[in-house]
Amino acid sequence: MVCSALRRVARMRVYLVRKASSVSRGHQHQALGSRPAVSEFTVGGAPGGLVELLGKSYPLDDYSNLSRKVLSRVGRNLHNKQHHPLWLIKERVKEHFYKQYVGRFGTPLFSVYDDLSPVVTTWQNFDSLLIPADHPSRKKGDNYYLNRTHMLRAHTSAHQWDLLHAGLDAFLVVGDVYRRDQIDSQHYPVFHQLEAVRLFSKHELFAGIKDGESLQLFEQSSRSTHKQETHTMEAMKLVEFNLKQTLTRLVTHLFGDGLDIRWVDCYFPFTHPSFELEINFHGEWLEVLGCGVMEQQLVNSAGAQDKIGWAFGLGLERLAMILYDIPDIRLFWSEDERFLKQFCLSDINQKVKFQPLSKYPAVINDISFWLPSENYTENDFYDLVRTIGGDLVEKVDLIDKFEHPKVQPWWCLLHF
């Protein structure tokens with residue numbers, strides 16, 4: 001098939017060759033058999049048009065790139081669906097924080113927000129977190145934009161500034177987040193994050209420390225790999241210690257005692273220093289979350305100039321796949337009772353391992369098609385595949401490239 005297709009396009013340019021595997025299950029062939037019009041794949045950006053989402057209307061423009069597939073996921077809120085595996089992880093984390101961290105009056109120190117709208121402004125998603133205007137994470141090819149000013153949040157950190165500005169200094173945020181991504185068992189354009197933030201006043205941070213009254217949170221110095229220019233070394237070390245202690249207790253609660261962990265230095269625009277936490281699970285080192293000392297500029301802009309703090313974020317799917325042996329991220333969207341009933345537990349801390357639903361092997365197919373000559377990204381194609389084939393298409397991989405030196409338009413040969 002590959003050779004014959006190349007012969008047919010000997011005078012064309014073959015730009016992209018990809019391989020995808022899909023699962024055929026009897027009546028499921030029908031889902032791939034019908035081909036909707038191109039206008040049904042995405043919400044177009046025609047000037048004057050509107051998109052309705054969660055009871056509100058948003059004007060479309062040249063930045064609008066929502067796919068029908070992704071729109072169908074908005075409002076599902078799997079993390080709030082009782083006995084769903086993502087709900088189990090959320091409840092386990094929430095229970096841990098409620099029990100371990102109690103305020104002055106015996107109430108939980110951390111408040112929880114798990115129903116905030118996923119529609120945010122680009123300022124909330126990027127600018128409030130000090131993400132530069134030219135940062136690659138803003139690319140249209142990597143995000144879902146309603147228009148130039150509104151988008152589906154790419155992370156739960158989009159709510160940090162608003163909650164800090166409201167006067168909160170200890171909270172968890174849980175929600176669905178949206179990023180355009182490749183097609184395989186580990187990636188999906190919608191997933192779920194849990195974010196935590198905690199701020200400390202001078203009194204809170206240095207309480208119980210010898211001569212703590214003489215210590216300060218802030219100074220004017222130079223930025224280094226170990227601290228920000230506005231933080232004293234004493235304050236930064238105490239915040240970092242509290243952060244790592246908090247997270248060590250959390251992963252021990254989730255995975256059990258005797259867990260080997262390690263901290264890896266990394267970079268995030270909104271924390272410094274920043275770390276990733278890895279765990280040794282069944283002999284393999286796995287990254288489970290990112291964290292760090294919050295950038296003081298962010299904290300100051302939200303009105304908490306007299307406090308210093310930390311933040312971390314973790315993926316619920318990532319933890320659930322590890323803890324419950326779930327092999328494919330798309331299974332979390334299944335409405336099959338054979339999947340869901342496996343997680344109807346009387347105790348959220350009960351151990352459970354996913355039992356596979358089918359033993360049928362993947363079916364391989366080939367297709368070939370034209371590519372547009374400009375304004376094309378790979379994620380455009382991934383959205384198209386997901387819209388037509390749904391979650392039946394298991395994987396799409398690049399296997400070859402051919403480029404004719406003279407002739408334009410582009411030709412794409414897809415093996416799936």
# chains A, B, ... in the order shown; residues from 1 in each chain; ligands from 1
>>> residues_around(residues="range 217-223 of chain A", least_positions_apart="2", cutoff="9 Å", atoms="only C-alpha atoms", output="list of chain:residue names")
A:Ser201, A:Lys202, A:Leu205, A:Leu215, A:Thr225, A:His226, A:Lys227, A:Gln228, A:Glu229, A:Thr230, A:His231, A:Thr232, A:Met233, A:Glu234, A:Ala235, A:Met236, A:Asp306, A:Lys307, A:Ile308
>>> residues_around(residues="Val174 in chain A", least_positions_apart="4", cutoff="9 Å", atoms="only C-alpha atoms", output="number ranges by chain")
A: 79, 90, 112-116, 156, 192-196
>>> closest_residue(among="A:Thr246, A:Gln350, A:Asn365, A:Asn300", to="Tyr101 in chain A", atoms="only C-alpha atoms")
A:Thr246
>>> residues_around(residues="range 162-168 of chain A", least_positions_apart="6", cutoff="12 Å", atoms="only C-alpha atoms", output="number ranges by chain")
A: 109-113, 116, 120-121, 123-125, 128-129, 156, 195-200, 294, 298-305, 307-309, 311
>>> select_by_dssp(residues="range 144-296 of chain A", states="strand (DSSP E)", output="PyMOL selection string")
chain A and resi 150-152+170-178+190-200+260-268+271-281+284-294
>>> write_last_selection(atoms="N, CA and C atoms", output="short mmCIF file (atom, residue, chain, number, x, y, z; two decimals), in the first residue's frame")
data_model
loop_
_atom_site.label_atom_id
_atom_site.label_comp_id
_atom_site.auth_asym_id
_atom_site.auth_seq_id
_atom_site.Cartn_x
_atom_site.Cartn_y
_atom_site.Cartn_z
N HIS A 150 -10.45 34.38 25.57
CA HIS A 150 -10.95 33.31 26.42
C HIS A 150 -10.51 31.95 25.88
N MET A 151 -10.35 31.00 26.79
CA MET A 151 -9.87 29.68 26.42
C MET A 151 -10.33 28.66 27.46
N LEU A 152 -10.16 27.38 27.14
CA LEU A 152 -10.32 26.33 28.13
C LEU A 152 -9.00 26.23 28.88
N ALA A 170 -4.66 28.98 51.91
CA ALA A 170 -4.46 27.53 51.88
C ALA A 170 -5.65 26.90 51.17
N PHE A 171 -5.44 26.35 49.99
CA PHE A 171 -6.58 25.81 49.23
C PHE A 171 -6.12 24.75 48.24
N LEU A 172 -7.10 23.90 47.87
CA LEU A 172 -6.95 22.91 46.81
C LEU A 172 -7.91 23.27 45.69
N VAL A 173 -7.45 23.15 44.44
CA VAL A 173 -8.30 23.35 43.28
C VAL A 173 -8.24 22.08 42.44
N VAL A 174 -9.40 21.53 42.09
CA VAL A 174 -9.48 20.32 41.28
C VAL A 174 -10.36 20.60 40.08
N GLY A 175 -9.93 20.16 38.90
CA GLY A 175 -10.76 20.39 37.73
C GLY A 175 -10.19 19.78 36.47
N ASP A 176 -11.00 19.83 35.41
CA ASP A 176 -10.60 19.36 34.10
C ASP A 176 -9.78 20.44 33.41
N VAL A 177 -8.72 20.02 32.71
CA VAL A 177 -7.87 20.94 31.97
C VAL A 177 -7.72 20.43 30.54
N TYR A 178 -7.34 21.33 29.63
CA TYR A 178 -7.43 21.05 28.20
C TYR A 178 -6.15 21.44 27.49
N VAL A 190 -8.17 16.16 27.21
CA VAL A 190 -8.80 16.57 28.46
C VAL A 190 -8.29 15.66 29.57
N PHE A 191 -7.77 16.26 30.62
CA PHE A 191 -7.38 15.48 31.79
C PHE A 191 -7.68 16.31 33.03
N HIS A 192 -7.30 15.82 34.19
CA HIS A 192 -7.72 16.45 35.44
C HIS A 192 -6.53 16.69 36.36
N GLN A 193 -6.50 17.88 36.93
CA GLN A 193 -5.42 18.26 37.82
C GLN A 193 -5.94 18.60 39.21
N LEU A 194 -5.06 18.45 40.19
CA LEU A 194 -5.30 18.91 41.54
C LEU A 194 -4.17 19.85 41.92
N GLU A 195 -4.52 21.06 42.27
CA GLU A 195 -3.57 22.12 42.60
C GLU A 195 -3.67 22.45 44.08
N ALA A 196 -2.56 22.73 44.72
CA ALA A 196 -2.58 23.15 46.12
C ALA A 196 -1.67 24.36 46.30
N VAL A 197 -2.10 25.27 47.16
CA VAL A 197 -1.33 26.48 47.49
C VAL A 197 -1.39 26.68 48.99
N ARG A 198 -0.25 27.07 49.57
CA ARG A 198 -0.25 27.47 50.98
C ARG A 198 0.69 28.66 51.17
N LEU A 199 0.19 29.69 51.84
CA LEU A 199 0.98 30.86 52.18
C LEU A 199 1.26 30.89 53.68
N PHE A 200 2.38 31.52 54.04
CA PHE A 200 2.78 31.65 55.45
C PHE A 200 3.08 33.12 55.76
N ASP A 260 10.26 4.79 48.09
CA ASP A 260 11.45 5.56 47.72
C ASP A 260 11.04 6.74 46.86
N ILE A 261 11.49 7.94 47.25
CA ILE A 261 11.18 9.13 46.48
C ILE A 261 12.46 9.90 46.20
N ARG A 262 12.41 10.76 45.19
CA ARG A 262 13.53 11.66 44.92
C ARG A 262 13.00 12.95 44.32
N TRP A 263 13.77 14.02 44.53
CA TRP A 263 13.41 15.35 44.05
C TRP A 263 14.32 15.74 42.90
N VAL A 264 13.73 16.20 41.82
CA VAL A 264 14.48 16.59 40.63
C VAL A 264 14.27 18.07 40.38
N ASP A 265 15.35 18.83 40.27
CA ASP A 265 15.24 20.26 39.98
C ASP A 265 14.64 20.46 38.59
N CYS A 266 13.76 21.43 38.46
CA CYS A 266 13.14 21.72 37.17
C CYS A 266 12.80 23.20 37.09
N TYR A 267 12.04 23.59 36.06
CA TYR A 267 11.70 25.00 35.86
C TYR A 267 10.21 25.15 35.61
N PHE A 268 9.58 26.08 36.31
CA PHE A 268 8.23 26.56 36.04
C PHE A 268 8.27 28.08 36.11
N THR A 271 7.13 29.39 39.81
CA THR A 271 7.76 28.98 41.06
C THR A 271 9.28 29.01 40.89
N HIS A 272 9.97 29.25 42.01
CA HIS A 272 11.43 29.18 42.03
C HIS A 272 11.91 29.18 43.49
N PRO A 273 12.69 28.16 43.86
CA PRO A 273 13.09 27.00 43.07
C PRO A 273 11.91 26.07 42.79
N SER A 274 12.07 25.23 41.79
CA SER A 274 11.01 24.31 41.37
C SER A 274 11.52 22.88 41.36
N PHE A 275 10.61 21.94 41.61
CA PHE A 275 11.00 20.53 41.72
C PHE A 275 9.93 19.64 41.10
N GLU A 276 10.37 18.46 40.68
CA GLU A 276 9.45 17.37 40.35
C GLU A 276 9.70 16.25 41.35
N LEU A 277 8.61 15.64 41.80
CA LEU A 277 8.71 14.51 42.73
C LEU A 277 8.57 13.22 41.95
N GLU A 278 9.54 12.34 42.11
CA GLU A 278 9.50 11.03 41.48
C GLU A 278 9.42 9.95 42.55
N ILE A 279 8.70 8.88 42.24
CA ILE A 279 8.60 7.76 43.15
C ILE A 279 9.12 6.50 42.46
N ASN A 280 9.70 5.61 43.25
CA ASN A 280 10.14 4.32 42.72
C ASN A 280 9.01 3.34 42.95
N PHE A 281 8.30 3.02 41.87
CA PHE A 281 7.12 2.17 41.96
C PHE A 281 7.35 0.93 41.13
N GLU A 284 10.49 1.12 38.99
CA GLU A 284 10.59 2.15 37.95
C GLU A 284 10.36 3.53 38.57
N TRP A 285 11.23 4.49 38.22
CA TRP A 285 11.07 5.85 38.71
C TRP A 285 10.02 6.57 37.88
N LEU A 286 8.99 7.08 38.55
CA LEU A 286 7.87 7.74 37.88
C LEU A 286 7.70 9.15 38.42
N GLU A 287 7.55 10.13 37.53
CA GLU A 287 7.28 11.51 37.94
C GLU A 287 5.79 11.63 38.23
N VAL A 288 5.44 12.16 39.42
CA VAL A 288 4.04 12.22 39.80
C VAL A 288 3.51 13.63 40.01
N LEU A 289 4.39 14.63 40.19
CA LEU A 289 3.89 15.99 40.39
C LEU A 289 5.01 17.00 40.24
N GLY A 290 4.62 18.27 40.07
CA GLY A 290 5.55 19.40 40.03
C GLY A 290 5.21 20.37 41.14
N CYS A 291 6.21 21.09 41.65
CA CYS A 291 5.98 21.96 42.79
C CYS A 291 7.08 23.00 42.89
N GLY A 292 6.94 23.92 43.84
CA GLY A 292 7.99 24.90 44.06
C GLY A 292 7.56 26.02 44.98
N VAL A 293 8.51 26.90 45.28
CA VAL A 293 8.24 28.10 46.07
C VAL A 293 7.64 29.14 45.12
N MET A 294 6.48 29.67 45.47
CA MET A 294 5.78 30.57 44.57
C MET A 294 6.58 31.84 44.29
#
>>> closest_atom_pairs(of="range 130-195 of chain A", to="range 381-394 of chain A", cutoff="9 Å", atoms="only C-alpha atoms", output="JSON lines")
{"residue": "A:Arg180", "atom": "CA", "partner": "A:Asp383", "partner_atom": "CA", "distance": 7.7}
{"residue": "A:Asp181", "atom": "CA", "partner": "A:Tyr382", "partner_atom": "CA", "distance": 7.3}
{"residue": "A:Gln182", "atom": "CA", "partner": "A:Tyr382", "partner_atom": "CA", "distance": 6.3}
{"residue": "A:Ile183", "atom": "CA", "partner": "A:Tyr382", "partner_atom": "CA", "distance": 6.6}
{"residue": "A:Asp184", "atom": "CA", "partner": "A:Glu394", "partner_atom": "CA", "distance": 5.7}
{"residue": "A:Ser185", "atom": "CA", "partner": "A:Glu394", "partner_atom": "CA", "distance": 6.7}
{"residue": "A:Pro189", "atom": "CA", "partner": "A:Asp383", "partner_atom": "CA", "distance": 8.6}
>>> write_last_selection(atoms="N, CA and C atoms", output="tab-separated table (two decimals), in the first residue's frame")
chain	number	residue	atom	x	y	z
A	180	ARG	N	-4.10	20.45	23.62
A	180	ARG	CA	-4.04	19.69	22.38
A	180	ARG	C	-2.80	18.80	22.43
A	181	ASP	N	-2.98	17.54	22.10
A	181	ASP	CA	-1.87	16.61	22.33
A	181	ASP	C	-1.94	15.45	21.35
A	182	GLN	N	-0.89	14.64	21.37
A	182	GLN	CA	-0.79	13.49	20.49
A	182	GLN	C	-1.78	12.40	20.91
A	183	ILE	N	-1.88	11.38	20.06
A	183	ILE	CA	-2.82	10.30	20.32
A	183	ILE	C	-2.06	9.04	20.71
A	184	ASP	N	-2.20	8.64	21.95
A	184	ASP	CA	-1.68	7.36	22.43
A	184	ASP	C	-2.32	7.08	23.78
A	185	SER	N	-1.89	6.02	24.44
A	185	SER	CA	-2.54	5.57	25.67
A	185	SER	C	-2.24	6.47	26.87
A	189	PRO	N	-6.68	15.01	25.19
A	189	PRO	CA	-6.81	16.48	25.20
A	189	PRO	C	-7.53	17.03	26.43
>>> select_by_dssp(residues="range 222-398 of chain A", states="alpha helix (DSSP H)", output="ChimeraX atom specification")
/A:233-255,296-301,316-324,337-340,378-389
>>> write_last_selection(atoms="N, CA and C atoms", output="short mmCIF file (atom, residue, chain, number, x, y, z; two decimals), in the first residue's frame")
data_model
loop_
_atom_site.label_atom_id
_atom_site.label_comp_id
_atom_site.auth_asym_id
_atom_site.auth_seq_id
_atom_site.Cartn_x
_atom_site.Cartn_y
_atom_site.Cartn_z
N MET A 233 17.31 33.43 52.83
CA MET A 233 17.63 32.01 52.73
C MET A 233 16.90 31.21 53.80
N GLU A 234 16.75 31.79 55.00
CA GLU A 234 16.05 31.08 56.09
C GLU A 234 14.59 30.83 55.73
N ALA A 235 13.93 31.86 55.18
CA ALA A 235 12.52 31.71 54.81
C ALA A 235 12.35 30.70 53.69
N MET A 236 13.21 30.79 52.67
CA MET A 236 13.10 29.87 51.55
C MET A 236 13.31 28.43 51.98
N LYS A 237 14.30 28.18 52.84
CA LYS A 237 14.58 26.82 53.29
C LYS A 237 13.42 26.24 54.10
N LEU A 238 12.79 27.08 54.93
CA LEU A 238 11.66 26.59 55.71
C LEU A 238 10.45 26.30 54.83
N VAL A 239 10.18 27.15 53.84
CA VAL A 239 9.06 26.90 52.92
C VAL A 239 9.33 25.64 52.11
N GLU A 240 10.54 25.50 51.60
CA GLU A 240 10.89 24.30 50.83
C GLU A 240 10.76 23.04 51.69
N PHE A 241 11.23 23.12 52.93
CA PHE A 241 11.11 21.96 53.83
C PHE A 241 9.65 21.60 54.08
N ASN A 242 8.80 22.60 54.32
CA ASN A 242 7.38 22.35 54.57
C ASN A 242 6.72 21.74 53.35
N LEU A 243 7.06 22.26 52.16
CA LEU A 243 6.51 21.73 50.92
C LEU A 243 6.88 20.26 50.74
N LYS A 244 8.15 19.96 50.87
CA LYS A 244 8.60 18.58 50.64
C LYS A 244 8.06 17.63 51.71
N GLN A 245 7.96 18.11 52.94
CA GLN A 245 7.39 17.29 53.99
C GLN A 245 5.91 17.01 53.71
N THR A 246 5.18 18.03 53.27
CA THR A 246 3.76 17.88 52.94
C THR A 246 3.56 16.85 51.84
N LEU A 247 4.39 16.92 50.80
CA LEU A 247 4.23 16.02 49.67
C LEU A 247 4.71 14.61 49.98
N THR A 248 5.74 14.50 50.80
CA THR A 248 6.19 13.17 51.22
C THR A 248 5.08 12.46 51.99
N ARG A 249 4.42 13.18 52.87
CA ARG A 249 3.30 12.60 53.62
C ARG A 249 2.16 12.21 52.69
N LEU A 250 1.90 13.04 51.68
CA LEU A 250 0.80 12.75 50.76
C LEU A 250 1.06 11.48 49.96
N VAL A 251 2.24 11.35 49.34
CA VAL A 251 2.49 10.16 48.52
C VAL A 251 2.60 8.91 49.38
N THR A 252 3.06 9.06 50.63
CA THR A 252 3.08 7.92 51.54
C THR A 252 1.65 7.48 51.86
N HIS A 253 0.76 8.45 52.05
CA HIS A 253 -0.65 8.13 52.28
C HIS A 253 -1.24 7.40 51.08
N LEU A 254 -0.88 7.81 49.87
CA LEU A 254 -1.45 7.21 48.67
C LEU A 254 -0.84 5.86 48.33
N PHE A 255 0.49 5.75 48.46
CA PHE A 255 1.18 4.56 47.98
C PHE A 255 1.63 3.62 49.09
N GLN A 296 7.39 35.45 44.19
CA GLN A 296 6.86 36.49 45.06
C GLN A 296 6.15 37.58 44.28
N GLN A 297 6.56 37.78 43.04
CA GLN A 297 5.87 38.78 42.20
C GLN A 297 4.41 38.41 42.01
N LEU A 298 4.13 37.13 41.83
CA LEU A 298 2.76 36.65 41.70
C LEU A 298 1.99 36.88 43.00
N VAL A 299 2.60 36.49 44.11
CA VAL A 299 1.95 36.64 45.42
C VAL A 299 1.67 38.11 45.70
N ASN A 300 2.65 38.97 45.42
CA ASN A 300 2.48 40.40 45.68
C ASN A 300 1.35 40.99 44.84
N SER A 301 1.29 40.60 43.57
CA SER A 301 0.27 41.18 42.69
C SER A 301 -1.13 40.80 43.10
N LEU A 316 -4.52 13.77 38.17
CA LEU A 316 -5.31 12.69 38.76
C LEU A 316 -5.21 11.42 37.93
N GLU A 317 -5.24 11.56 36.60
CA GLU A 317 -5.13 10.38 35.74
C GLU A 317 -3.81 9.66 35.97
N ARG A 318 -2.75 10.44 36.09
CA ARG A 318 -1.42 9.85 36.29
C ARG A 318 -1.40 8.98 37.55
N LEU A 319 -1.93 9.51 38.65
CA LEU A 319 -1.95 8.74 39.89
C LEU A 319 -2.87 7.53 39.79
N ALA A 320 -4.05 7.72 39.19
CA ALA A 320 -5.00 6.62 39.09
C ALA A 320 -4.47 5.49 38.21
N MET A 321 -3.77 5.84 37.14
CA MET A 321 -3.22 4.81 36.26
C MET A 321 -2.16 3.99 36.99
N ILE A 322 -1.39 4.65 37.86
CA ILE A 322 -0.36 3.94 38.63
C ILE A 322 -1.00 3.09 39.73
N LEU A 323 -1.89 3.71 40.50
CA LEU A 323 -2.46 3.03 41.67
C LEU A 323 -3.40 1.90 41.30
N TYR A 324 -4.15 2.07 40.21
CA TYR A 324 -5.19 1.10 39.87
C TYR A 324 -4.84 0.25 38.65
N GLU A 337 -20.36 -0.14 32.25
CA GLU A 337 -20.53 -0.54 33.64
C GLU A 337 -19.46 -1.53 34.09
N ARG A 338 -18.93 -2.30 33.14
CA ARG A 338 -17.88 -3.25 33.49
C ARG A 338 -16.63 -2.53 34.00
N PHE A 339 -16.42 -1.32 33.51
CA PHE A 339 -15.30 -0.51 33.99
C PHE A 339 -15.67 0.20 35.29
N LEU A 340 -16.81 0.89 35.29
CA LEU A 340 -17.17 1.74 36.42
C LEU A 340 -17.43 0.94 37.70
N GLU A 378 0.37 19.50 13.68
CA GLU A 378 0.02 18.10 13.92
C GLU A 378 -1.20 17.97 14.82
N ASN A 379 -1.34 18.87 15.78
CA ASN A 379 -2.48 18.79 16.69
C ASN A 379 -3.80 19.05 15.98
N ASP A 380 -3.77 19.77 14.85
CA ASP A 380 -4.99 19.92 14.04
C ASP A 380 -5.45 18.55 13.55
N PHE A 381 -4.49 17.75 13.11
CA PHE A 381 -4.83 16.42 12.62
C PHE A 381 -5.30 15.51 13.75
N TYR A 382 -4.66 15.60 14.91
CA TYR A 382 -5.08 14.78 16.04
C TYR A 382 -6.53 15.08 16.43
N ASP A 383 -6.90 16.36 16.43
CA ASP A 383 -8.28 16.72 16.74
C ASP A 383 -9.24 16.14 15.72
N LEU A 384 -8.82 16.16 14.46
CA LEU A 384 -9.65 15.60 13.38
C LEU A 384 -9.87 14.11 13.59
N VAL A 385 -8.79 13.39 13.91
CA VAL A 385 -8.88 11.94 14.15
C VAL A 385 -9.81 11.65 15.32
N ARG A 386 -9.65 12.40 16.41
CA ARG A 386 -10.49 12.15 17.59
C ARG A 386 -11.96 12.45 17.29
N THR A 387 -12.22 13.48 16.48
CA THR A 387 -13.60 13.83 16.17
C THR A 387 -14.27 12.75 15.32
N ILE A 388 -13.54 12.19 14.36
CA ILE A 388 -14.11 11.17 13.48
C ILE A 388 -14.13 9.80 14.15
N GLY A 389 -13.01 9.39 14.68
CA GLY A 389 -12.87 8.03 15.19
C GLY A 389 -13.13 7.89 16.67
#
>>> closest_residue(among="A:Val396, A:Ile131, A:Ile364, A:Leu146", to="Gly49 in chain A", atoms="only C-alpha atoms")
A:Leu146
>>> closest_residue(among="A:Phe343, A:Tyr63, A:Phe312, A:Tyr188", to="Gln355 in chain A", atoms="only C-alpha atoms")
A:Phe343
>>> atom_distance(atom1="CA of Lys99 in chain A", atom2="CA of His155 in chain A")
26.3 Å
>>> residues_around(residues="range 132-137 of chain A", least_positions_apart="4", cutoff="10 Å", atoms="only C-alpha atoms", output="list in words")
Phe126, Asp127, Gly141, Asp142, Asn143, Ala154, Arg179 and Pro269 of chain A
